[in-house]
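Chemist: One structure coming up, written as structure tokens, with questions to follow.
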Amino acid sequence: MEPRLRSLVLYHEDCLEHAARRESDWEGPDRLRGIMNLILDQHFFPTYQVEITNQFPKAPVEMLSRVHSPEYIAFVNTLSKKVQEGGGSNESGHIVPFTPHVQKSIMKQDSTEIKHPDGCDTSFSPGTLKAARRAAGAVAHAVDRVLLNRNRNAFCVVRPPGHHAGYNGLLDGAKSCGFCIFNSVAAGALHALEAHNCERVAIIDIDVHHGNGTEDIVRRYQHPSRLFFFSVHLFEKDESPNIYEFFPGSGKDDDTTHNIINVPISPLWQEPGQTLHGTRSAAKSTNSVRYGRDAFKQAILQRLIPALRAFSPDLILLSTGFDPAAGDVGNSKSDSTHGSQMGMNLRPIDFEWVTMELVKIADICCNGRLVSVLEGGYGSYPGSSSSVSNSSRSNKTEKSKGGYLDRSILSESAGAHLRRLIDPYGYTDPDPPINNSSASSS
């Protein structure tokens, strides 16, 4: 295979230096280790099919300034210096909860509105700034390589994620930074538009959570006809204060003025007659509402593909979250009454399918130019009903103490995605979409 026809995988150990506050936290360095262990296994991915590189620079401030405010970038730099010097340290060493610092320094929120550190999911450690800049740098390098026809497409195996980071980091009304520091995908899109003079760039977000940060940045871009944003995600929100919402509680409506299409999907726990972990939902009664895999595929086929074909981008950027996978904690809901309930049920074969569909559009519109960037996807709790094949059993993390997660479903889903980046037309669906009545058997 010619080098320019190979898929490029970008990974750097700097991304491992962004440390979690607790070993049991969902978002941790072992997410990348499990994925890379699979990709480096030549039994699954021979070297002639993929090019793996760590030779790319950290994102310069100029690139980040296209998507984030000067105040936010300065704040992140200042916080990094404080953390490296030991300032603001807590019981976890020099690792601090990030969201409260953003609320206080950038949002200027009252002390009563500041998130309590114990409930904060986004961490900031001495290695976080380096990891976040390296992640954005990976996307810029991938964009460069693909637009210069040196690789057909690319997959950035990086962290921290980025699609919840808006212009000022945390969005007005948002409750959390959602594990995100810099918006790498948005930065890559504007890099393509401004540095490479692309006419049109599309951002597709398949993470189970709405890409609210990306939408915020897209909406602010001064040439809306040049950007397209699509997000398919779970949505559940009660307008009453302090009532449950599926994070981040946004993405209900489209914004056609800014080429923004949102497809909110109702969680599986709302499906009438749907049995999940022994519980039964009494939600919506209309048969026209789809859930789970059926709803996801309908969104891609009916809402995304026609609009993406009409937009005809020069480059497609994919915010690839694997947290819609069946059993992934990222799509779950837990409460004292019902326990843990699953909101989405994609299988690795579904990630193959959506990848194939997007590469087909890229082949038609932009000579196959597609850059995929890892967002969410965390794994499952031991003993959950998620099913993984023997190919990724070795990617489990130690989990007997502290509630560690089994990352197998994440690495297998990522492997399925890469397989179709490499060979999109080798896809065959051995398991056609299930209907609503059989969703509980997934």
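In the structure tokens, each chain is lettered A, B, ... as it comes, each chain's residues begin at 1, and ligands are numbered from 1 in order of appearance.
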Could you tell me, as a list in words, which residues of segment 280-362 of chain A DSSP assigns to alpha helix (DSSP H) when given the backbone?

Modeler: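 Selecting the alpha helix (DSSP H) positions of segment 280-362 of chain A gives Gly292, Arg293, Asp294, Ala295, Phe296, Lys297, Gln298, Ile305, Pro306, Ala307, Leu308, Arg309, Ala310, Phe311, Pro348, Ile349, Asp350, Phe351, Glu352, Trp353, Val354, Thr355, Met356, Glu357, Leu358, Val359, Lys360, Ile361 and Ala362 of chain A.
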
Chemist: So which residues touch segment 160-163 of chain A within 9 Å, counting only C-alpha atoms, skipping near sequence neighbours fewer than 4 positions away, as a VMD selection string?

Modeler: chain A and resid 15 18 27 to 28 128 131 to 132 135 to 136 178 to 186 205 210 to 215 319 373 to 376

Chemist: As a VMD selection string, please: the residues near Ala362 of chain A (cut-off 12 Å, only C-alpha atoms, same-chain neighbours under 2 positions excluded).

Modeler: chain A and resid 146 152 to 153 201 to 202 204 305 308 to 309 311 to 318 355 to 360 364 to 371 421 424

Chemist: Can those selected residues be exported to a file as a short mmCIF file (atom, residue, chain, number, x, y, z; two decimals), in the first residue's frame so that it contains N, CA, C and O atoms?

Modeler:
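New file again_2.cif:
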```cif
data_model
loop_
_atom_site.label_atom_id
_atom_site.label_comp_id
_atom_site.auth_asym_id
_atom_site.auth_seq_id
_atom_site.Cartn_x
_atom_site.Cartn_y
_atom_site.Cartn_z
N VAL A 146 -3.46 15.25 6.01
CA VAL A 146 -4.57 14.83 5.16
C VAL A 146 -4.81 15.83 4.03
O VAL A 146 -5.02 15.45 2.87
N ARG A 152 -4.51 9.31 3.75
CA ARG A 152 -5.90 9.38 3.27
C ARG A 152 -6.83 9.88 4.35
O ARG A 152 -7.80 10.58 4.08
N ASN A 153 -6.57 9.48 5.60
CA ASN A 153 -7.36 9.94 6.75
C ASN A 153 -6.52 9.75 8.00
O ASN A 153 -5.38 9.25 7.93
N VAL A 201 -15.60 23.35 5.99
CA VAL A 201 -15.19 22.27 6.87
C VAL A 201 -16.40 21.82 7.68
O VAL A 201 -17.16 22.65 8.19
N ALA A 202 -16.57 20.51 7.80
CA ALA A 202 -17.67 19.94 8.58
C ALA A 202 -17.13 19.27 9.84
O ALA A 202 -16.09 18.60 9.79
N ILE A 204 -18.45 16.63 12.70
CA ILE A 204 -19.49 15.66 13.04
C ILE A 204 -19.18 15.10 14.43
O ILE A 204 -18.09 14.60 14.66
N ILE A 305 -26.51 12.63 6.54
CA ILE A 305 -25.96 12.39 5.21
C ILE A 305 -26.50 13.34 4.15
O ILE A 305 -25.72 13.93 3.37
N LEU A 308 -24.93 16.78 4.86
CA LEU A 308 -23.49 16.80 4.64
C LEU A 308 -23.17 16.78 3.15
O LEU A 308 -22.26 17.49 2.69
N ARG A 309 -23.92 15.99 2.38
CA ARG A 309 -23.73 15.97 0.92
C ARG A 309 -23.99 17.35 0.33
O ARG A 309 -23.26 17.83 -0.54
N PHE A 311 -23.76 20.25 1.87
CA PHE A 311 -22.73 21.19 2.31
C PHE A 311 -21.44 21.01 1.52
O PHE A 311 -20.71 21.96 1.25
N SER A 312 -21.13 19.77 1.16
CA SER A 312 -19.96 19.42 0.35
C SER A 312 -18.66 19.99 0.92
O SER A 312 -18.01 20.86 0.32
N PRO A 313 -18.22 19.46 2.07
CA PRO A 313 -17.03 20.01 2.71
C PRO A 313 -15.74 19.64 1.99
O PRO A 313 -15.67 18.66 1.25
N ASP A 314 -14.70 20.44 2.25
CA ASP A 314 -13.35 20.11 1.79
C ASP A 314 -12.64 19.18 2.77
O ASP A 314 -11.62 18.57 2.42
N LEU A 315 -13.17 19.10 3.97
CA LEU A 315 -12.57 18.27 5.03
C LEU A 315 -13.67 17.95 6.03
O LEU A 315 -14.50 18.80 6.35
N ILE A 316 -13.65 16.71 6.54
CA ILE A 316 -14.56 16.30 7.61
C ILE A 316 -13.74 16.01 8.86
O ILE A 316 -12.78 15.24 8.82
N LEU A 317 -14.12 16.66 9.95
CA LEU A 317 -13.55 16.38 11.26
C LEU A 317 -14.58 15.65 12.09
O LEU A 317 -15.76 16.06 12.14
N LEU A 318 -14.16 14.58 12.74
CA LEU A 318 -15.08 13.73 13.48
C LEU A 318 -14.73 13.73 14.96
O LEU A 318 -13.63 13.32 15.35
N THR A 355 -18.64 4.84 10.60
CA THR A 355 -17.36 5.22 9.99
C THR A 355 -17.41 5.01 8.48
O THR A 355 -17.00 5.87 7.70
N MET A 356 -17.94 3.85 8.07
CA MET A 356 -18.07 3.58 6.65
C MET A 356 -18.92 4.64 5.95
O MET A 356 -18.56 5.14 4.88
N GLU A 357 -20.05 5.00 6.56
CA GLU A 357 -20.94 5.98 5.95
C GLU A 357 -20.24 7.34 5.79
O GLU A 357 -20.40 8.02 4.78
N LEU A 358 -19.47 7.73 6.79
CA LEU A 358 -18.79 9.02 6.73
C LEU A 358 -17.63 9.00 5.74
O LEU A 358 -17.40 9.99 5.03
N VAL A 359 -16.90 7.90 5.67
CA VAL A 359 -15.82 7.81 4.69
C VAL A 359 -16.38 7.82 3.27
O VAL A 359 -15.79 8.42 2.36
N LYS A 360 -17.53 7.20 3.08
CA LYS A 360 -18.16 7.23 1.75
C LYS A 360 -18.48 8.66 1.33
O LYS A 360 -18.24 9.06 0.18
N ILE A 364 -16.78 11.05 -1.72
CA ILE A 364 -17.57 11.77 -2.72
C ILE A 364 -17.23 13.26 -2.73
O ILE A 364 -17.07 13.87 -3.80
N CYS A 365 -17.13 13.85 -1.53
CA CYS A 365 -17.04 15.31 -1.43
C CYS A 365 -15.61 15.86 -1.40
O CYS A 365 -15.35 16.95 -1.91
N CYS A 366 -14.69 15.13 -0.76
CA CYS A 366 -13.40 15.76 -0.48
C CYS A 366 -12.22 14.80 -0.57
O CYS A 366 -11.29 14.85 0.25
N ASN A 367 -12.29 13.89 -1.55
CA ASN A 367 -11.15 13.01 -1.80
C ASN A 367 -10.78 12.18 -0.57
O ASN A 367 -9.61 11.87 -0.35
N GLY A 368 -11.77 11.84 0.24
CA GLY A 368 -11.55 10.98 1.40
C GLY A 368 -10.98 11.67 2.62
O GLY A 368 -10.66 11.01 3.60
N ARG A 369 -10.87 12.98 2.59
CA ARG A 369 -10.19 13.70 3.68
C ARG A 369 -11.05 13.72 4.94
O ARG A 369 -12.04 14.43 5.02
N LEU A 370 -10.64 12.95 5.92
CA LEU A 370 -11.36 12.85 7.20
C LEU A 370 -10.35 12.71 8.33
O LEU A 370 -9.41 11.92 8.24
N VAL A 371 -10.54 13.48 9.39
CA VAL A 371 -9.70 13.40 10.59
C VAL A 371 -10.60 13.11 11.78
O VAL A 371 -11.52 13.87 12.08
N LEU A 421 -11.80 3.05 8.86
CA LEU A 421 -10.99 4.12 8.28
C LEU A 421 -10.01 3.53 7.28
O LEU A 421 -9.76 4.10 6.21
N PRO A 424 -12.98 1.04 4.40
CA PRO A 424 -14.40 1.32 4.60
C PRO A 424 -15.32 0.40 3.81
O PRO A 424 -16.44 0.10 4.25
#
```
